[in-house]
$ cat coords_12.pdb   # PDB, C-alpha atoms and all ligand atoms
ATOM      1  CA  VAL Q 173      -9.876 -24.029 -17.617
ATOM      2  CA  ASP Q 174     -11.964 -21.867 -19.948
ATOM      3  CA  VAL Q 175     -10.485 -18.411 -19.321
ATOM      4  CA  ARG Q 176     -12.441 -15.484 -20.798
ATOM      5  CA  LEU Q 177     -10.448 -12.286 -21.133
ATOM      6  CA  ARG Q 178     -11.927  -8.821 -21.823
ATOM      7  CA  HIS Q 179     -15.169  -9.593 -19.981
ATOM      8  CA  ARG Q 180     -16.313  -7.079 -17.370
ATOM      9  CA  VAL Q 181     -18.389  -8.679 -14.625
ATOM     10  CA  THR Q 182     -21.273  -6.436 -13.609
ATOM     11  CA  ARG Q 183     -23.483  -8.628 -11.436
ATOM     12  CA  VAL Q 184     -23.347 -11.851  -9.453
ATOM     13  CA  VAL Q 185     -26.645 -13.567  -8.692
ATOM     14  CA  VAL Q 186     -26.750 -16.283  -6.054
ATOM     15  CA  GLU Q 187     -29.681 -18.658  -6.374
ATOM     16  CA  ARG Q 188     -30.723 -21.777  -4.554
ATOM     17  CA  SER Q 189     -29.380 -23.970  -7.363
ATOM     18  CA  GLY Q 190     -26.153 -22.101  -8.153
ATOM     19  CA  VAL Q 191     -24.575 -18.833  -9.219
ATOM     20  CA  ARG Q 192     -25.051 -16.703 -12.326
ATOM     21  CA  VAL Q 193     -22.354 -14.219 -13.300
ATOM     22  CA  LEU Q 194     -23.389 -11.442 -15.677
ATOM     23  CA  ALA Q 195     -20.666  -9.804 -17.736
ATOM     24  CA  ARG Q 196     -20.171  -7.593 -20.777
ATOM     25  CA  ASP Q 197     -17.736  -8.763 -23.424
ATOM     26  CA  ALA Q 198     -15.397  -6.499 -25.419
ATOM     27  CA  ALA Q 199     -18.202  -5.713 -27.903
ATOM     28  CA  GLY Q 200     -20.526  -4.703 -25.048
ATOM     29  CA  THR Q 201     -22.716  -7.780 -25.408
ATOM     30  CA  GLN Q 202     -24.101  -9.173 -22.184
ATOM     31  CA  ARG Q 203     -22.972 -12.692 -21.352
ATOM     32  CA  THR Q 204     -24.153 -14.956 -18.574
ATOM     33  CA  PHE Q 205     -22.076 -17.689 -16.993
ATOM     34  CA  GLU Q 206     -23.528 -20.278 -14.649
ATOM     35  CA  GLY Q 207     -21.917 -22.503 -12.107
ATOM     36  CA  SER Q 208     -22.409 -24.164  -8.773
ATOM     37  CA  HIS Q 209     -20.125 -21.601  -7.085
ATOM     38  CA  ALA Q 210     -18.221 -18.412  -7.914
ATOM     39  CA  ILE Q 211     -14.903 -17.204  -6.540
ATOM     40  CA  VAL Q 212     -14.817 -13.414  -6.379
ATOM     41  CA  THR Q 213     -11.269 -12.166  -6.983
ATOM     42  CA  VAL Q 214     -11.790  -8.541  -8.026
ATOM     43  CA  PRO Q 215      -9.647  -6.078  -6.048
ATOM     44  CA  LEU Q 216     -11.002  -4.604  -2.819
ATOM     45  CA  GLY Q 217     -11.107  -1.218  -4.578
ATOM     46  CA  VAL Q 218     -13.561  -2.637  -7.125
ATOM     47  CA  LEU Q 219     -15.704  -4.182  -4.366
ATOM     48  CA  LYS Q 220     -15.746  -0.808  -2.600
ATOM     49  CA  SER Q 221     -16.762   1.013  -5.796
ATOM     50  CA  GLY Q 222     -19.881  -1.130  -6.229
ATOM     51  CA  ALA Q 223     -18.991  -1.778  -9.888
ATOM     52  CA  VAL Q 224     -19.996  -5.397  -9.316
ATOM     53  CA  SER Q 225     -23.449  -5.769  -7.757
ATOM     54  CA  PHE Q 226     -24.606  -8.819  -5.842
ATOM     55  CA  SER Q 227     -28.057 -10.327  -5.623
ATOM     56  CA  PRO Q 228     -29.035 -10.793  -2.913
ATOM     57  CA  SER Q 229     -26.851  -8.031  -1.440
ATOM     58  CA  LEU Q 230     -23.759  -9.181   0.372
ATOM     59  CA  PRO Q 231     -24.488  -9.641   4.085
ATOM     60  CA  ALA Q 232     -23.946  -6.665   6.391
ATOM     61  CA  TRP Q 233     -20.830  -8.186   8.045
ATOM     62  CA  LYS Q 234     -19.174  -8.606   4.616
ATOM     63  CA  ARG Q 235     -20.105  -5.088   3.472
ATOM     64  CA  ALA Q 236     -18.824  -3.659   6.762
ATOM     65  CA  ALA Q 237     -15.452  -5.393   6.311
ATOM     66  CA  ILE Q 238     -15.199  -4.121   2.715
ATOM     67  CA  GLY Q 239     -15.997  -0.620   3.951
ATOM     68  CA  ARG Q 240     -13.574  -0.642   6.899
ATOM     69  CA  LEU Q 241     -10.478  -2.052   5.208
ATOM     70  CA  GLY Q 242      -8.338   0.450   3.350
ATOM     71  CA  PHE Q 243      -7.339   0.272  -0.301
ATOM     72  CA  GLY Q 244      -4.384   2.558  -0.886
ATOM     73  CA  THR Q 245      -3.006   4.289  -3.934
ATOM     74  CA  PHE Q 246       0.606   3.993  -5.045
ATOM     75  CA  GLU Q 247       1.421   5.772  -8.301
ATOM     76  CA  LYS Q 248       4.739   5.953 -10.133
ATOM     77  CA  VAL Q 249       5.923   8.653 -12.505
ATOM     78  CA  ALA Q 250       8.797   7.478 -14.707
ATOM     79  CA  MET Q 251      10.885   9.913 -16.766
ATOM     80  CA  ARG Q 252      13.475   8.900 -19.325
ATOM     81  CA  PHE Q 253      16.108  11.520 -20.187
ATOM     82  CA  PRO Q 254      18.464  11.693 -23.181
ATOM     83  CA  GLU Q 255      21.321  11.089 -20.754
ATOM     84  CA  PRO Q 256      21.877  10.888 -16.996
ATOM     85  CA  TYR Q 257      22.359  14.638 -16.462
ATOM     86  CA  TRP Q 258      22.316  14.192 -12.689
ATOM     87  CA  ALA Q 259      25.169  13.194 -10.403
ATOM     88  CA  THR Q 260      24.485   9.546  -9.727
ATOM     89  CA  GLU Q 261      25.558   8.901  -6.164
ATOM     90  CA  HIS Q 262      22.703   7.065  -4.487
ATOM     91  CA  ALA Q 263      19.755   4.881  -5.485
ATOM     92  CA  HIS Q 264      17.269   7.288  -3.905
ATOM     93  CA  ILE Q 265      16.647  11.014  -4.060
ATOM     94  CA  PHE Q 266      14.650  12.182  -1.035
ATOM     95  CA  HIS Q 267      12.718  15.426  -1.234
ATOM     96  CA  LEU Q 268      11.600  16.899   2.081
ATOM     97  CA  SER Q 269       9.279  19.822   1.543
ATOM     98  CA  TYR Q 270       7.217  22.182   3.638
ATOM     99  CA  PRO Q 271       4.289  22.709   4.167
ATOM    100  CA  ASN Q 272       3.302  19.850   1.857
ATOM    101  CA  ALA Q 273       5.625  17.094   3.079
ATOM    102  CA  MET Q 274       4.449  14.520   0.526
ATOM    103  CA  ASP Q 275       5.379  16.324  -2.678
ATOM    104  CA  PHE Q 276       7.312  13.790  -4.782
ATOM    105  CA  PRO Q 277       9.070  12.636  -1.597
ATOM    106  CA  LEU Q 278      11.019   9.742  -3.146
ATOM    107  CA  ILE Q 279      12.616   9.533  -6.583
ATOM    108  CA  VAL Q 280      14.527   6.403  -7.527
ATOM    109  CA  ASP Q 281      17.638   6.719  -9.695
ATOM    110  CA  TYR Q 282      17.597   3.905 -12.251
ATOM    111  CA  PHE Q 283      20.952   4.972 -13.656
ATOM    112  CA  PHE Q 284      22.442   4.046 -10.298
ATOM    113  CA  ILE Q 285      20.529   0.740 -10.245
ATOM    114  CA  GLU Q 286      20.242  -0.355 -13.900
ATOM    115  CA  LYS Q 287      22.405   2.064 -15.927
ATOM    116  CA  VAL Q 288      19.357   3.503 -17.731
ATOM    117  CA  PRO Q 289      18.788   7.309 -17.701
ATOM    118  CA  ILE Q 290      15.441   7.048 -15.920
ATOM    119  CA  LEU Q 291      14.132   8.629 -12.727
ATOM    120  CA  VAL Q 292      10.997   7.148 -11.139
ATOM    121  CA  ALA Q 293       8.986   8.971  -8.480
ATOM    122  CA  PHE Q 294       7.184   6.732  -5.972
ATOM    123  CA  ASN Q 295       4.047   8.415  -4.683
ATOM    124  CA  THR Q 296       1.692   7.186  -1.995
ATOM    125  CA  GLY Q 297      -1.183   8.306   0.208
ATOM    126  CA  ARG Q 298      -2.901  11.658  -0.286
ATOM    127  CA  HIS Q 299      -0.167  12.804  -2.678
ATOM    128  CA  ALA Q 300      -0.844   9.842  -5.000
ATOM    129  CA  ILE Q 301      -4.615  10.390  -4.798
ATOM    130  CA  ALA Q 302      -4.087  14.062  -5.684
ATOM    131  CA  LEU Q 303      -1.920  13.056  -8.677
ATOM    132  CA  ASP Q 304      -4.781  10.931  -9.996
ATOM    133  CA  ARG Q 305      -6.863  14.094 -10.355
ATOM    134  CA  LYS Q 306      -4.163  15.853 -12.414
ATOM    135  CA  SER Q 307      -3.378  15.639 -16.114
ATOM    136  CA  ASP Q 308      -0.174  14.020 -17.379
ATOM    137  CA  GLY Q 309       1.100  17.484 -18.389
ATOM    138  CA  GLU Q 310       0.496  18.954 -14.919
ATOM    139  CA  ILE Q 311       2.209  16.015 -13.207
ATOM    140  CA  THR Q 312       5.195  16.165 -15.571
ATOM    141  CA  SER Q 313       5.795  19.882 -15.124
ATOM    142  CA  HIS Q 314       5.399  19.636 -11.339
ATOM    143  CA  MET Q 315       7.894  16.779 -11.049
ATOM    144  CA  LEU Q 316      10.378  18.656 -13.274
ATOM    145  CA  GLN Q 317       9.976  21.685 -11.004
ATOM    146  CA  ILE Q 318      10.795  19.508  -7.963
ATOM    147  CA  LEU Q 319      13.819  18.005  -9.759
ATOM    148  CA  ARG Q 320      15.053  21.497 -10.628
ATOM    149  CA  ALA Q 321      14.689  22.551  -6.991
ATOM    150  CA  VAL Q 322      16.467  19.448  -5.669
ATOM    151  CA  GLN Q 323      19.219  19.131  -8.278
ATOM    152  CA  GLY Q 324      19.607  22.716  -9.439
ATOM    153  CA  GLY Q 325      18.418  23.662 -12.924
ATOM    154  CA  PRO Q 326      18.316  23.770 -15.836
ATOM    155  CA  ILE Q 327      17.565  20.134 -16.645
ATOM    156  CA  PRO Q 328      16.875  18.557 -20.065
ATOM    157  CA  LYS Q 329      13.387  17.683 -21.282
ATOM    158  CA  PRO Q 330      12.483  14.039 -20.691
ATOM    159  CA  THR Q 331      12.182  11.980 -23.885
ATOM    160  CA  ARG Q 332       9.394   9.844 -22.398
ATOM    161  CA  VAL Q 333       7.106  10.040 -19.376
ATOM    162  CA  VAL Q 334       4.978   7.163 -18.079
ATOM    163  CA  ILE Q 335       2.475   7.718 -15.279
ATOM    164  CA  THR Q 336       0.569   4.890 -13.591
ATOM    165  CA  ARG Q 337      -3.132   5.402 -12.885
ATOM    166  CA  TRP Q 338      -4.057   2.597 -10.482
ATOM    167  CA  GLY Q 339      -6.476   4.837  -8.591
ATOM    168  CA  ARG Q 340      -8.442   5.761 -11.718
ATOM    169  CA  ASP Q 341      -8.394   2.326 -13.344
ATOM    170  CA  PRO Q 342     -11.923   0.865 -13.110
ATOM    171  CA  PHE Q 343     -10.407  -2.621 -12.787
ATOM    172  CA  THR Q 344      -8.311  -1.768  -9.732
ATOM    173  CA  ARG Q 345      -9.516   1.492  -8.089
ATOM    174  CA  GLY Q 346      -6.295   1.643  -6.118
ATOM    175  CA  SER Q 347      -3.095  -0.311  -5.653
ATOM    176  CA  TYR Q 348      -3.302  -2.587  -2.653
ATOM    177  CA  SER Q 349      -5.092  -3.067   0.641
ATOM    178  CA  TYR Q 350      -4.058  -2.008   4.118
ATOM    179  CA  ILE Q 351      -5.486  -2.166   7.618
ATOM    180  CA  LYS Q 352      -7.033   1.257   7.936
ATOM    181  CA  ILE Q 353      -7.585   2.836  11.351
ATOM    182  CA  GLY Q 354     -10.793   1.260  12.633
ATOM    183  CA  SER Q 355     -10.270  -2.029  10.792
ATOM    184  CA  SER Q 356      -8.417  -5.143  11.915
ATOM    185  CA  PRO Q 357      -7.292  -8.567  10.660
ATOM    186  CA  ALA Q 358     -10.796  -9.772  11.590
ATOM    187  CA  ASP Q 359     -12.049  -7.737   8.608
ATOM    188  CA  GLN Q 360      -9.618  -9.562   6.314
ATOM    189  CA  ASP Q 361     -10.982 -12.857   7.643
ATOM    190  CA  ALA Q 362     -14.540 -11.600   7.079
ATOM    191  CA  LEU Q 363     -13.603 -10.656   3.519
ATOM    192  CA  ALA Q 364     -12.266 -14.185   3.022
ATOM    193  CA  ALA Q 365     -15.372 -15.899   4.429
ATOM    194  CA  PRO Q 366     -17.817 -17.557   1.995
ATOM    195  CA  VAL Q 367     -21.377 -16.304   1.547
ATOM    196  CA  ALA Q 368     -24.437 -18.537   1.308
ATOM    197  CA  GLY Q 369     -22.221 -21.557   0.662
ATOM    198  CA  ARG Q 370     -21.909 -20.474  -2.983
ATOM    199  CA  LEU Q 371     -19.773 -17.343  -3.121
ATOM    200  CA  LEU Q 372     -16.098 -17.608  -2.241
ATOM    201  CA  PHE Q 373     -13.617 -14.741  -2.000
ATOM    202  CA  ALA Q 374      -9.916 -14.619  -2.853
ATOM    203  CA  GLY Q 375      -7.353 -11.913  -3.618
ATOM    204  CA  GLU Q 376      -4.631 -10.121  -1.687
ATOM    205  CA  ALA Q 377      -7.032  -8.185   0.566
ATOM    206  CA  SER Q 378      -8.436 -11.463   1.890
ATOM    207  CA  SER Q 379      -5.044 -12.610   3.182
ATOM    208  CA  ALA Q 380      -4.474 -11.603   6.806
ATOM    209  CA  ALA Q 381      -0.935 -13.000   6.554
ATOM    210  CA  ARG Q 382       0.283 -11.508   3.256
ATOM    211  CA  PHE Q 383      -2.129  -8.755   2.176
ATOM    212  CA  GLY Q 384      -0.599  -6.344  -0.315
ATOM    213  CA  TYR Q 385       1.658  -8.986  -1.865
ATOM    214  CA  ALA Q 386       1.431 -11.175  -4.961
ATOM    215  CA  ASP Q 387       2.164 -14.337  -2.969
ATOM    216  CA  GLY Q 388      -0.670 -13.389  -0.578
ATOM    217  CA  ALA Q 389      -3.065 -13.208  -3.523
ATOM    218  CA  PHE Q 390      -1.739 -16.501  -4.900
ATOM    219  CA  SER Q 391      -2.132 -18.342  -1.602
ATOM    220  CA  THR Q 392      -5.747 -17.169  -1.234
ATOM    221  CA  GLY Q 393      -6.501 -18.778  -4.602
ATOM    222  CA  ILE Q 394      -5.133 -22.062  -3.283
ATOM    223  CA  ARG Q 395      -7.078 -21.584  -0.037
ATOM    224  CA  GLU Q 396     -10.365 -21.172  -1.925
ATOM    225  CA  ALA Q 397      -9.643 -24.045  -4.324
ATOM    226  CA  LYS Q 398      -9.164 -26.314  -1.294
ATOM    227  CA  ARG Q 399     -12.344 -24.992   0.276
ATOM    228  CA  LEU Q 400     -14.333 -25.550  -2.908
ATOM    229  CA  LEU Q 401     -12.986 -29.043  -3.507
ATOM    230  CA  ARG Q 402     -13.055 -29.887   0.210
ATOM    231  CA  ALA Q 403      -9.516 -31.136  -0.287
ATOM    232  CA  PRO Q 404      -6.593 -30.801   2.139
ATOM    233  CA  ARG Q 405      -4.301 -29.982  -0.776
ATOM    234  CA  VAL Q 406      -4.557 -29.120  -4.464
ATOM    235  CA  GLN Q 407      -2.191 -29.947  -7.290
ATOM    236  CA  LEU Q 408      -1.135 -26.958  -9.405
ATOM    237  CA  SER Q 409      -0.198 -27.489 -13.031
ATOM    238  CA  ALA Q 410       0.637 -25.171 -15.909
ATOM    239  CA  SER Q 411      -1.791 -26.822 -18.361
TER     240      SER Q 411
HETATM  241  C1  LIG Q 501       2.500  -0.446  -8.104
HETATM  242  C2  LIG Q 501       2.423  -1.795  -7.424
HETATM  243  C3  LIG Q 501       3.582  -2.435  -7.042
HETATM  244  C4  LIG Q 501       3.529  -3.684  -6.417
HETATM  245  N1  LIG Q 501       4.691  -4.313  -6.069
HETATM  246  C5  LIG Q 501       4.639  -5.544  -5.517
HETATM  247  C6  LIG Q 501       5.839  -6.240  -5.195
HETATM  248  O1  LIG Q 501       6.948  -5.737  -5.414
HETATM  249  N2  LIG Q 501       5.741  -7.479  -4.633
HETATM  250  C7  LIG Q 501       4.543  -8.066  -4.397
HETATM  251  O2  LIG Q 501       4.504  -9.204  -3.917
HETATM  252  N3  LIG Q 501       3.382  -7.428  -4.693
HETATM  253  C8  LIG Q 501       3.407  -6.186  -5.243
HETATM  254  N4  LIG Q 501       2.242  -5.532  -5.550
HETATM  255  C9  LIG Q 501       0.972  -6.141  -5.139
HETATM  256  C10 LIG Q 501       0.495  -7.242  -6.044
HETATM  257  O3  LIG Q 501       0.621  -6.829  -7.392
HETATM  258  C11 LIG Q 501      -0.979  -7.499  -5.692
HETATM  259  O4  LIG Q 501      -1.095  -7.776  -4.307
HETATM  260  C12 LIG Q 501      -1.560  -8.664  -6.467
HETATM  261  O5  LIG Q 501      -1.426  -8.491  -7.864
HETATM  262  C13 LIG Q 501      -3.021  -8.775  -6.136
HETATM  263  O6  LIG Q 501      -3.550  -9.875  -6.828
HETATM  264  P1  LIG Q 501      -5.100 -10.076  -6.866
HETATM  265  O7  LIG Q 501      -5.330 -11.313  -7.657
HETATM  266  O8  LIG Q 501      -5.670  -9.954  -5.503
HETATM  267  O9  LIG Q 501      -5.651  -8.794  -7.658
HETATM  268  P2  LIG Q 501      -5.311  -8.321  -9.127
HETATM  269  O10 LIG Q 501      -3.958  -8.778  -9.561
HETATM  270  O11 LIG Q 501      -5.597  -6.855  -9.129
HETATM  271  O12 LIG Q 501      -6.374  -9.120 -10.005
HETATM  272  C14 LIG Q 501      -7.714  -8.756 -10.006
HETATM  273  C15 LIG Q 501      -8.240  -8.945 -11.412
HETATM  274  O13 LIG Q 501      -9.638  -8.632 -11.427
HETATM  275  C16 LIG Q 501      -9.906  -8.014 -12.665
HETATM  276  N5  LIG Q 501     -11.165  -7.271 -12.542
HETATM  277  C17 LIG Q 501     -11.433  -6.152 -11.831
HETATM  278  N6  LIG Q 501     -12.713  -5.792 -11.979
HETATM  279  C18 LIG Q 501     -13.270  -6.712 -12.813
HETATM  280  C19 LIG Q 501     -14.575  -6.883 -13.353
HETATM  281  N7  LIG Q 501     -15.580  -6.049 -13.057
HETATM  282  N8  LIG Q 501     -14.790  -7.927 -14.192
HETATM  283  C20 LIG Q 501     -13.797  -8.791 -14.501
HETATM  284  N9  LIG Q 501     -12.544  -8.690 -14.012
HETATM  285  C21 LIG Q 501     -12.293  -7.657 -13.180
HETATM  286  C22 LIG Q 501      -8.712  -7.113 -12.897
HETATM  287  O14 LIG Q 501      -8.633  -6.754 -14.265
HETATM  288  C23 LIG Q 501      -7.578  -8.014 -12.441
HETATM  289  O15 LIG Q 501      -7.106  -8.805 -13.512
HETATM  290  C24 LIG Q 501       2.272  -4.289  -6.178
HETATM  291  C25 LIG Q 501       1.091  -3.647  -6.581
HETATM  292  C26 LIG Q 501       1.166  -2.412  -7.194
HETATM  293  C27 LIG Q 501      -0.121  -1.741  -7.626
END
$ encode --input "coords_12.pdb" --output "structure tokens"
Amino acid sequence: VDVRLRHRVTRVVVERSGVRVLARDAAGTQRTFEGSHAIVTVPLGVLKSGAVSFSPSLPAWKRAAIGRLGFGTFEKVAMRFPEPYWATEHAHIFHLSYPNAMDFPLIVDYFFIEKVPILVAFNTGRHAIALDRKSDGEITSHMLQILRAVQGGPIPKPTRVVITRWGRDPFTRGSYSYIKIGSSPADQDALAAPVAGRLLFAGEASSAARFGYADGAFSTGIREAKRLLRAPRVQLSAS
């Protein structure tokens, strides 16, 4: 398989004779790829953002499913300290706060788990979306403030802080899909359904059985390979 990395797909054109995929390479040069079919595997967040346009437009039922399904944000903030200054007793530190209940609610103690002096905050929902709007400095000082409140200060300065930015990343626009209020597994099936006999769709959000998981994404690739080849099974190989 001819895999092209560092190409950003911008447009997919479905024609009577096949499909053209327009992309920009790392130098910004436009490239066009042609084939009989295309399998769209960009995350649901990217489909929602409209970063990839389709000609003709995707049918209304497909756009409605993309709009209804949810694509959530899950961001981690990892802090490494010179030493484990905290009393390691449990794998998780829970922080229940009021009035903002989701303010660094869960911090995982990696000294307890892996013997490394690292604390990782798991942040989801509105709290994670709000973090994406803040600078690294603001997030770091806020998490340290929460740690001080929970553990009792003073606490040492972290030697390294790593913050994920799935929500801001133009190639993800979120972390993984969920069935939002108002959507249903029928929307996942609609997302998985081919368009015009030429466009196929794979990726975790198109798996009604295992959305949100790597194996769900993997199995949708197999599903679409079988569909494309009209084969009851496909042989996977590393080459
Ligand atoms: C923080 C986090 C923790 C997770 N933990 C687990 C776990 O413990 N277990 C588990 O099973 N799953 C986990 N998952 C979920 C799992 O990683 C995903 O479900 C899976 O990777 C989705 O695969 P995918 O192929 O659908 O999408 P992706 O892996 O997101 O692949 C989509 C690809 O499309 C590319 N792309 C996007 N836009 C364009 C464009 N315009 N042009 C070209 N390429 C583009 C992206 O760069 C990316 O390579 C986790 C996810 C996150 C975010």
$ resolve_selection --input "coords_12.pdb" --expression "the PyMOL selection byres (((chain Q and resi 212) around 7) and not hetatm)" --output "PyMOL selection string"
chain Q and resi 210-211+213-214+372-374
$ resolve_selection --input "coords_12.pdb" --expression "the PyMOL selection byres (((not hetatm)) within 9 of (chain Q and resi 501))" --output "VMD selection string"
chain Q and resid 177 to 183 195 to 196 212 to 219 223 to 224 245 to 248 294 336 338 342 to 349 374 to 378 382 to 390 392 to 393
$ residues_near_point --input "coords_12.pdb" --point "(10.5, 4.4, -11.6)" --cutoff "8 Å" --atoms "only C-alpha atoms" --output "PyMOL selection string"
chain Q and resi 248-251+279-282+290-294
$ residues_near_point --input "coords_12.pdb" --point "(-29.5, -21.6, -6.1)" --cutoff "10 Å" --atoms "all atoms listed in the file" --output "MDAnalysis selection string"
chainID Q and resid 185:192 207:209 368:370
$ residues_around --input "coords_12.pdb" --residues "Q:Gly239" --least-positions-apart "4" --cutoff "9 Å" --atoms "all atoms listed in the file" --output "PyMOL selection string"
chain Q and resi 220+234-235
$ closest_residue --input "coords_12.pdb" --among "Q:Glu310, Q:Asp275, Q:Asp359, Q:Asp304" --to "Q:Arg340" --atoms "all atoms listed in the file"
Q:Asp304
$ atom_distance --input "coords_12.pdb" --atom1 "atom CA of Q:Leu303" --atom2 "atom CA of Q:Pro277"
13.1 Å
$ resolve_selection --input "coords_12.pdb" --expression "the PyMOL selection byres (((chain Q and resi 173) around 12) and not hetatm)" --output "list in words"
Asp174, Val175, Arg176, Ser409, Ala410 and Ser411 of chain Q
$ atom_distance --input "coords_12.pdb" --atom1 "atom CA of Q:Ser355" --atom2 "atom CA of Q:Phe243"
11.7 Å
$ closest_residue --input "coords_12.pdb" --among "Q:Gly324, Q:Gly339, Q:Gly354, Q:Pro404" --to "Q:Ile301" --atoms "all atoms listed in the file"
Q:Gly339
$ closest_residue --input "coords_12.pdb" --among "Q:Ile265, Q:Ile238, Q:Val184, Q:Leu230" --to "Q:Ala358" --atoms "only C-alpha atoms"
Q:Ile238
$ atom_distance --input "coords_12.pdb" --atom1 "atom CA of Q:Ser391" --atom2 "atom CA of Q:Val406"
11.4 Å
$ residues_around --input "coords_12.pdb" --residues "Q:Asn272" --least-positions-apart "4" --cutoff "12 Å" --atoms "only C-alpha atoms" --output "VMD selection string"
chain Q and resid 267 to 268 276 to 277 298 to 299
$ closest_residue --input "coords_12.pdb" --among "Q:Ile394, Q:Asp308, Q:Ile285, Q:Arg320" --to "Q:Leu408" --atoms "only C-alpha atoms"
Q:Ile394
$ closest_residue --input "coords_12.pdb" --among "Q:Gly325, Q:Gly200, Q:Pro289, Q:Pro366" --to "Q:Arg252" --atoms "only C-alpha atoms"
Q:Pro289
$ closest_residue --input "coords_12.pdb" --among "Q:Gly242, Q:Pro357, Q:Pro326, Q:Pro231" --to "Q:Ser379" --atoms "all atoms listed in the file"
Q:Pro357
$ decode --input "coords_12.pdb" --residues "stretch 267-280 of chain Q" --atoms "N, CA, C and O atoms" --output "compact mmCIF listing (two decimals), in the first residue's frame"
# COMPACT_ATOMS: atom_id res chain seq x y z
N HIS Q 267 -11.21 14.79 43.62
CA HIS Q 267 -11.39 16.15 44.10
C HIS Q 267 -12.84 16.55 43.86
O HIS Q 267 -13.27 16.71 42.71
N LEU Q 268 -13.61 16.65 44.94
CA LEU Q 268 -15.01 17.05 44.81
C LEU Q 268 -15.09 18.52 45.19
O LEU Q 268 -14.72 18.90 46.29
N SER Q 269 -15.54 19.33 44.26
CA SER Q 269 -15.55 20.77 44.54
C SER Q 269 -16.94 21.35 44.32
O SER Q 269 -17.79 20.74 43.66
N TYR Q 270 -17.14 22.52 44.87
CA TYR Q 270 -18.42 23.21 44.74
C TYR Q 270 -18.14 24.69 44.54
O TYR Q 270 -17.22 25.19 45.19
N PRO Q 271 -18.80 25.43 43.67
CA PRO Q 271 -19.95 25.01 42.85
C PRO Q 271 -19.55 24.32 41.55
O PRO Q 271 -20.38 23.72 40.89
N ASN Q 272 -18.27 24.42 41.17
CA ASN Q 272 -17.85 23.80 39.91
C ASN Q 272 -17.37 22.38 40.20
O ASN Q 272 -16.22 22.16 40.57
N ALA Q 273 -18.28 21.40 40.03
CA ALA Q 273 -17.97 20.03 40.44
C ALA Q 273 -16.86 19.40 39.61
O ALA Q 273 -16.15 18.53 40.08
N MET Q 274 -16.71 19.85 38.36
CA MET Q 274 -15.73 19.21 37.46
C MET Q 274 -14.46 20.05 37.36
O MET Q 274 -14.11 20.54 36.30
N ASP Q 275 -13.79 20.23 38.49
CA ASP Q 275 -12.58 21.05 38.51
C ASP Q 275 -11.41 20.14 38.87
O ASP Q 275 -11.15 19.92 40.05
N PHE Q 276 -10.75 19.57 37.89
CA PHE Q 276 -9.73 18.54 38.10
C PHE Q 276 -10.27 17.46 39.05
O PHE Q 276 -9.74 17.25 40.14
N PRO Q 277 -11.35 16.79 38.63
CA PRO Q 277 -12.02 15.85 39.55
C PRO Q 277 -11.24 14.57 39.83
O PRO Q 277 -11.43 13.95 40.87
N LEU Q 278 -10.35 14.19 38.90
CA LEU Q 278 -9.65 12.90 39.08
C LEU Q 278 -8.18 13.06 38.72
O LEU Q 278 -7.84 13.47 37.61
N ILE Q 279 -7.32 12.74 39.68
CA ILE Q 279 -5.87 12.81 39.44
C ILE Q 279 -5.30 11.43 39.75
O ILE Q 279 -5.57 10.87 40.82
N VAL Q 280 -4.58 10.89 38.78
CA VAL Q 280 -4.06 9.53 38.94
C VAL Q 280 -2.62 9.59 39.43
O VAL Q 280 -1.80 10.35 38.91
